[in-house]
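In what follows, a single structure is set out as structure tokens and then discussed.
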Amino acid sequence: MITISDSATDKIKEMLEEEGTPGLFLRIGVKEGGCSGFSYGMGFDDEQNDSDKSLELSGLKVVVDEESMKYLNGLLIDWKDSAMGGGFTIDNPNATATCGCGSSFRTATAAGNPAADPC
């Protein structure tokens, strides 16, 4: 299961409203790369594949591809305001190592494919 905090939900809903496109949902995924082997992807989409898993979280439609789901069980997405404007944070209990930027990870069972370029 994936959890999105109230502050992150509010921010995502605000961003969806600004997009002004009906039918958009939040897509969360994982791909090989980043400093540690895997990197997170999060963005708006309007096309869903048959193999995607669709979740309803705090009134948000969230879609995750089947391959990514195994790396995201227990994931917590939060929004933190800061003097620099704020940003999303990700807490992944499956990650055994992360990079300094927080957007790349590896797990105990999968190392991914670290990119030559840092985050």
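Residues in the structure tokens are named by chain (A, B, ... in the order shown) and by number from 1 within that chain; ligands are numbered from 1 in the order shown.
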
Check which residues of segment 28-106 of chain A sit at most 8 Å from segment 4-7 of chain A using only C-alpha atoms, and return one row each with the closest pair of atoms and their distance in Å to one decimal, ordered by chain and rising number, as CSV.
```
residue,atom,partner,partner_atom,distance
A:Leu57,CA,A:Ile4,CA,7.1
A:Ser58,CA,A:Ile4,CA,7.6
A:Leu76,CA,A:Ile4,CA,5.8
A:Ile77,CA,A:Ile4,CA,4.8
A:Asp78,CA,A:Ser5,CA,5.1
A:Trp79,CA,A:Ser7,CA,5.5
A:Lys80,CA,A:Ser7,CA,7.8
```

DSSP strand (DSSP E or B) residues within segment 11-90 of chain A, as JSON, numbers by chain: {"A": [25, 26, 27, 28, 29, 30, 31, 32, 33, 37, 38, 39, 40, 41, 42, 43, 44, 45, 53, 54, 55, 56, 57, 60, 61, 62, 63, 64, 76, 77, 78, 79, 80, 87, 88, 89, 90]}

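When atom CA of Asn92 of chain A is paired with atom CA of Tyr40 of chain A, their separation reads 10.4 Å.
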